[in-house]
file my_file_24.txt (compact mmCIF, C-alpha atoms)
# COMPACT_ATOMS: atom_id res chain seq x y z
CA MET A 1 102.62 -28.70 158.64
CA HIS A 2 103.56 -32.35 158.85
CA LEU A 3 107.00 -33.95 158.88
CA ASN A 4 108.22 -37.17 157.26
CA LEU A 5 110.90 -39.78 157.92
CA VAL A 6 113.39 -41.23 155.44
CA LYS A 7 114.72 -44.76 155.99
CA LEU A 8 116.88 -47.15 153.96
CA ALA A 9 115.10 -50.27 152.71
CA VAL A 10 118.10 -52.53 153.26
CA GLY A 11 118.08 -55.65 151.11
CA CYS A 12 115.27 -54.35 148.91
CA ASP A 13 116.02 -54.03 145.18
CA SER A 14 112.87 -52.31 143.91
CA VAL A 15 109.47 -50.89 144.82
CA LYS A 16 108.03 -54.20 143.64
CA ASP A 17 110.24 -56.04 146.16
CA LEU A 18 109.10 -53.69 148.93
CA ARG A 19 105.45 -54.32 148.08
CA GLY A 20 106.03 -58.08 148.10
CA TRP A 21 107.87 -57.93 151.41
CA ILE A 22 105.05 -55.95 153.04
CA ALA A 23 102.39 -58.25 151.53
CA ASP A 24 104.17 -61.24 153.10
CA ARG A 25 104.20 -59.49 156.48
CA MET A 26 100.48 -58.72 156.18
CA LYS A 27 99.75 -62.41 155.45
CA GLN A 28 101.72 -63.37 158.57
CA ALA A 29 99.83 -60.79 160.65
CA LYS A 30 96.50 -62.11 159.37
CA ARG A 31 97.45 -65.70 160.25
CA LYS A 32 98.46 -64.61 163.76
CA GLY A 33 95.31 -62.51 164.22
CA LEU A 34 97.33 -59.29 164.54
CA PRO A 35 96.32 -55.87 163.16
CA ARG A 36 97.36 -55.49 159.54
CA HIS A 37 99.73 -52.57 159.87
CA HIS A 38 103.26 -52.51 158.56
CA ILE A 39 105.59 -52.17 161.54
CA HIS A 40 109.26 -51.31 161.31
CA ILE A 41 111.32 -51.47 164.49
CA THR A 42 114.16 -49.02 164.95
CA ARG A 43 116.58 -48.28 167.77
CA MET A 44 115.89 -44.57 168.17
CA THR A 45 112.50 -42.95 168.81
CA PRO A 46 111.65 -39.84 166.79
CA LYS A 47 111.20 -36.88 169.13
CA ARG A 48 108.89 -34.99 166.76
CA ASP A 49 106.12 -37.61 166.75
CA GLY A 50 103.31 -35.04 166.82
CA GLU A 51 104.49 -33.55 163.53
CA LEU A 52 105.06 -37.01 162.02
CA LEU A 53 101.58 -38.23 162.91
CA ALA A 54 99.92 -35.08 161.54
CA GLY A 55 99.96 -36.54 158.02
CA GLY A 56 103.56 -37.67 157.59
CA SER A 57 104.94 -40.66 155.74
CA LEU A 58 108.00 -42.88 155.89
CA TYR A 59 109.91 -42.48 152.62
CA TRP A 60 111.90 -45.57 151.61
CA VAL A 61 115.35 -45.29 150.02
CA ILE A 62 115.86 -48.20 147.63
CA LYS A 63 119.20 -48.70 145.88
CA GLY A 64 120.35 -45.12 146.40
CA GLU A 65 117.14 -43.24 145.71
CA ILE A 66 114.00 -42.27 147.57
CA ALA A 67 111.45 -44.38 145.67
CA ALA A 68 108.31 -45.02 147.73
CA ARG A 69 106.44 -44.02 150.85
CA GLU A 70 103.98 -45.36 153.41
CA LYS A 71 101.68 -43.22 155.56
CA LEU A 72 102.65 -43.09 159.25
CA ILE A 73 99.92 -44.00 161.73
CA GLY A 74 101.83 -44.61 164.95
CA ILE A 75 105.09 -44.16 166.86
CA GLU A 76 105.35 -46.65 169.76
CA PRO A 77 108.43 -46.59 172.02
CA PHE A 78 109.07 -49.83 173.96
CA ARG A 79 111.78 -51.85 175.70
CA ASP A 80 112.81 -55.17 174.22
CA SER A 81 113.49 -58.35 176.23
CA ASP A 82 117.05 -57.14 176.92
CA GLY A 83 115.79 -53.83 178.31
CA ILE A 84 116.99 -51.85 175.30
CA GLY A 85 114.79 -48.95 174.21
CA ARG A 86 113.34 -49.36 170.73
CA CYS A 87 110.54 -47.89 168.64
CA ARG A 88 107.82 -49.35 166.45
CA ILE A 89 107.10 -47.17 163.46
CA VAL A 90 103.57 -48.15 162.43
CA MET A 91 102.43 -47.52 158.86
CA GLN A 92 99.49 -48.23 156.60
CA PRO A 93 100.59 -51.20 154.47
CA GLN A 94 100.03 -49.33 151.21
CA VAL A 95 103.20 -48.51 149.26
CA ILE A 96 102.88 -45.32 147.24
CA ALA A 97 105.38 -44.85 144.41
CA ILE A 98 106.93 -41.39 144.26
CA ARG A 99 109.06 -39.50 141.77
CA PRO A 100 112.47 -41.06 142.47
CA ARG A 101 115.22 -38.84 143.83
CA PRO A 102 118.84 -39.82 144.56
CA MET A 103 119.90 -40.06 148.19
CA ARG A 104 123.19 -41.19 149.68
CA PRO A 105 123.30 -43.96 152.28
CA PHE A 106 122.98 -43.07 155.96
CA GLN A 107 122.39 -44.86 159.25
CA GLY A 108 119.07 -44.88 161.08
CA TRP A 109 116.42 -42.49 159.78
CA ARG A 110 116.27 -38.82 158.88
CA TYR A 111 113.56 -36.19 159.05
CA LEU A 112 112.22 -34.87 155.73
CA SER A 113 110.10 -31.72 155.60
CA ALA A 114 106.87 -31.75 153.63
CA ALA A 115 108.30 -29.05 151.36
CA ASP A 116 111.32 -31.23 150.48
CA ALA A 117 109.38 -34.47 149.98
CA PRO A 118 109.27 -35.85 146.42
CA PRO A 119 105.79 -35.87 144.83
CA ASP A 120 103.75 -39.02 144.29
CA LEU A 121 103.74 -40.47 140.79
CA GLY A 122 99.94 -40.34 140.67
CA SER A 123 98.28 -42.06 137.70
CA ASN A 124 101.65 -43.21 136.29
CA ALA A 125 102.60 -45.02 139.50
CA ALA A 126 101.65 -48.55 138.46
CA SER A 127 103.41 -48.42 135.10
CA VAL A 128 106.55 -46.76 136.47
CA ALA A 129 106.77 -49.07 139.49
CA ALA A 130 106.38 -52.11 137.19
CA MET A 131 109.39 -51.07 135.06
CA PRO A 132 112.64 -52.92 135.53
CA GLU A 133 114.73 -50.95 138.01
CA PRO A 134 117.66 -50.24 135.62
CA LEU A 135 115.28 -48.85 132.96
CA ARG A 136 113.47 -46.66 135.49
CA ARG A 137 116.79 -45.26 136.75
CA GLU A 138 118.00 -44.55 133.22
CA LEU A 139 114.78 -42.71 132.37
CA ARG A 140 115.10 -40.71 135.58
CA ASP A 141 118.73 -39.82 134.79
CA LEU A 142 117.63 -38.64 131.33
CA GLY A 143 114.98 -36.41 132.93
CA LEU A 144 112.09 -38.39 131.49
CA LEU A 145 110.64 -39.40 134.86

call {"tool": "encode", "arguments": {"input": "my_file_24.txt", "output": "structure tokens"}}
result
Amino acid sequence: MHLNLVKLAVGCDSVKDLRGWIADRMKQAKRKGLPRHHIHITRMTPKRDGELLAGGSLYWVIKGEIAAREKLIGIEPFRDSDGIGRCRIVMQPQVIAIRPRPMRPFQGWRYLSAADAPPDLGSNAASVAAMPEPLRRELRDLGLL
């Protein structure tokens, strides 16, 4: 069974913002001739990389709720120019909207079991992700999403 990561999308207000941010990064990568993978650098390296890379995703927390995910394709530990250990979390640059679920803020990242992961929105993903964030949250709070 695979394992997932959960990470805060700091400064991101919606799934639409996250998609736009990643699209901008992919344009920059294309201009520089780099592979078009979404890379997020973090301080700590996950120790359970085998389980993460066996089908796991990085679930993004946006404004207090888990709202989207990206499929993990690599975990790359490295040392930066100051000699500090860091990790590149490499993902497919495709944001998948999920059924939103509240989550309190935390530092770093957390593991999330496959059994506890929120389901994808499926065919409703585009329409739900396009909704204004306050409306989507209200519908979720009413149990309609």

call {"tool": "closest_residue", "arguments": {"input": "my_file_24.txt", "among": "A:Arg88, A:Lys63, A:Lys71, A:Lys27", "to": "Val15 (chain A)", "atoms": "only C-alpha atoms"}}
result
A:Lys63

call {"tool": "closest_residue", "arguments": {"input": "my_file_24.txt", "among": "A:Val90, A:Gly33, A:Glu65, A:Gln107", "to": "Arg136 (chain A)", "atoms": "only C-alpha atoms"}}
result
A:Glu65

call {"tool": "residues_around", "arguments": {"input": "my_file_24.txt", "residues": "Gly50 (chain A)", "least_positions_apart": "6", "cutoff": "12 Å", "atoms": "only C-alpha atoms", "output": "JSON, numbers by chain"}}
result
{"A": [1, 2, 3, 4, 56, 72, 73, 74, 75]}

call {"tool": "closest_residue", "arguments": {"input": "my_file_24.txt", "among": "A:Gln94, A:Arg99, A:Ile41, A:Trp21", "to": "Asp80 (chain A)", "atoms": "only C-alpha atoms"}}
result
A:Ile41

call {"tool": "residues_around", "arguments": {"input": "my_file_24.txt", "residues": "Arg101 (chain A)", "least_positions_apart": "3", "cutoff": "8 Å", "atoms": "only C-alpha atoms", "output": "PyMOL selection string"}}
result
chain A and resi 65-67+118

call {"tool": "residues_around", "arguments": {"input": "my_file_24.txt", "residues": "Asp24 (chain A)", "least_positions_apart": "4", "cutoff": "12 Å", "atoms": "only C-alpha atoms", "output": "MDAnalysis selection string"}}
result
chainID A and resid 17:20 28:31 36:38 93

call {"tool": "atom_distance", "arguments": {"input": "my_file_24.txt", "atom1": "CA of Lys16 (chain A)", "atom2": "CA of Met103 (chain A)"}}
result
19.0 Å

call {"tool": "residues_near_point", "arguments": {"input": "my_file_24.txt", "point": "(107.8, -39.4, 163.0)", "cutoff": "7 Å", "atoms": "all atoms listed in the file", "output": "ChimeraX atom specification"}}
result
/A:3-5,46,48-49,51-53,75

call {"tool": "closest_residue", "arguments": {"input": "my_file_24.txt", "among": "A:Met91, A:Met26, A:Ile84, A:Val6", "to": "Gly55 (chain A)", "atoms": "only C-alpha atoms"}}
result
A:Met91

call {"tool": "closest_residue", "arguments": {"input": "my_file_24.txt", "among": "A:Ala117, A:Ile62, A:Met44, A:Ile22", "to": "Arg104 (chain A)", "atoms": "all atoms listed in the file"}}
result
A:Ile62

call {"tool": "residues_around", "arguments": {"input": "my_file_24.txt", "residues": "Ala68 (chain A)", "least_positions_apart": "4", "cutoff": "9 Å", "atoms": "all atoms listed in the file", "output": "list in words"}}
result
Val15, Leu18, Leu58, Tyr59, Trp60, Val61, Ile62, Val95, Ile96, Ala97, Ile98, Arg99, Pro100 and Asp120 of chain A

call {"tool": "atom_distance", "arguments": {"input": "my_file_24.txt", "atom1": "CA of Ser57 (chain A)", "atom2": "CA of Gly83 (chain A)"}}
result
28.3 Å

call {"tool": "closest_residue", "arguments": {"input": "my_file_24.txt", "among": "A:Gly64, A:Arg25, A:His40, A:Glu133", "to": "Arg86 (chain A)", "atoms": "all atoms listed in the file"}}
result
A:His40

call {"tool": "atom_distance", "arguments": {"input": "my_file_24.txt", "atom1": "CA of Pro134 (chain A)", "atom2": "CA of Cys12 (chain A)"}}
result
14.1 Å

call {"tool": "decode", "arguments": {"input": "my_file_24.txt", "residues": "region 70-94 of chain A", "atoms": "N, CA and C atoms", "output": "compact mmCIF listing (two decimals), in the first residue's frame"}}
result
# COMPACT_ATOMS: atom_id res chain seq x y z
N GLU A 70 -1.03 16.23 -6.03
CA GLU A 70 -0.17 15.98 -7.19
C GLU A 70 0.53 14.65 -6.96
N LYS A 71 0.66 13.86 -7.99
CA LYS A 71 1.29 12.54 -7.90
C LYS A 71 2.79 12.69 -7.69
N LEU A 72 3.33 11.96 -6.72
CA LEU A 72 4.77 11.98 -6.43
C LEU A 72 5.51 11.11 -7.45
N ILE A 73 6.64 11.62 -7.94
CA ILE A 73 7.45 10.82 -8.86
C ILE A 73 8.92 10.76 -8.44
N GLY A 74 9.29 11.51 -7.41
CA GLY A 74 10.68 11.45 -6.96
C GLY A 74 10.90 12.12 -5.62
N ILE A 75 11.86 11.58 -4.88
CA ILE A 75 12.33 12.16 -3.61
C ILE A 75 13.84 12.25 -3.75
N GLU A 76 14.39 13.47 -3.78
CA GLU A 76 15.81 13.66 -4.07
C GLU A 76 16.51 14.47 -2.97
N PRO A 77 17.15 13.79 -2.01
CA PRO A 77 17.91 14.53 -1.00
C PRO A 77 19.13 15.20 -1.64
N PHE A 78 19.52 16.38 -1.12
CA PHE A 78 20.70 17.08 -1.61
C PHE A 78 21.19 18.06 -0.55
N ARG A 79 22.36 18.61 -0.77
CA ARG A 79 22.91 19.65 0.11
C ARG A 79 22.93 20.95 -0.67
N ASP A 80 22.45 22.01 -0.04
CA ASP A 80 22.45 23.30 -0.72
C ASP A 80 23.83 23.93 -0.66
N SER A 81 23.96 25.14 -1.19
CA SER A 81 25.28 25.80 -1.26
C SER A 81 25.88 26.10 0.11
N ASP A 82 25.04 26.12 1.16
CA ASP A 82 25.54 26.33 2.52
C ASP A 82 25.82 25.02 3.24
N GLY A 83 25.67 23.90 2.54
CA GLY A 83 25.93 22.59 3.14
C GLY A 83 24.77 22.05 3.96
N ILE A 84 23.60 22.68 3.86
CA ILE A 84 22.44 22.24 4.63
C ILE A 84 21.68 21.18 3.83
N GLY A 85 21.34 20.08 4.49
CA GLY A 85 20.59 19.02 3.85
C GLY A 85 19.17 19.46 3.53
N ARG A 86 18.75 19.19 2.32
CA ARG A 86 17.40 19.53 1.86
C ARG A 86 16.87 18.38 1.01
N CYS A 87 15.64 18.52 0.55
CA CYS A 87 15.02 17.47 -0.25
C CYS A 87 14.15 18.08 -1.33
N ARG A 88 14.31 17.58 -2.55
CA ARG A 88 13.40 17.94 -3.64
C ARG A 88 12.29 16.91 -3.68
N ILE A 89 11.06 17.37 -3.54
CA ILE A 89 9.91 16.50 -3.73
C ILE A 89 9.45 16.76 -5.16
N VAL A 90 9.55 15.75 -6.00
CA VAL A 90 9.26 15.89 -7.43
C VAL A 90 7.88 15.30 -7.71
N MET A 91 7.06 16.10 -8.42
CA MET A 91 5.69 15.69 -8.69
C MET A 91 5.34 15.90 -10.16
N GLN A 92 4.35 15.16 -10.63
CA GLN A 92 3.78 15.45 -11.94
C GLN A 92 3.04 16.77 -11.81
N PRO A 93 3.20 17.68 -12.78
CA PRO A 93 2.59 19.00 -12.65
C PRO A 93 1.11 19.03 -12.99
N GLN A 94 0.38 18.03 -12.57
CA GLN A 94 -1.06 17.97 -12.79
C GLN A 94 -1.76 18.03 -11.44
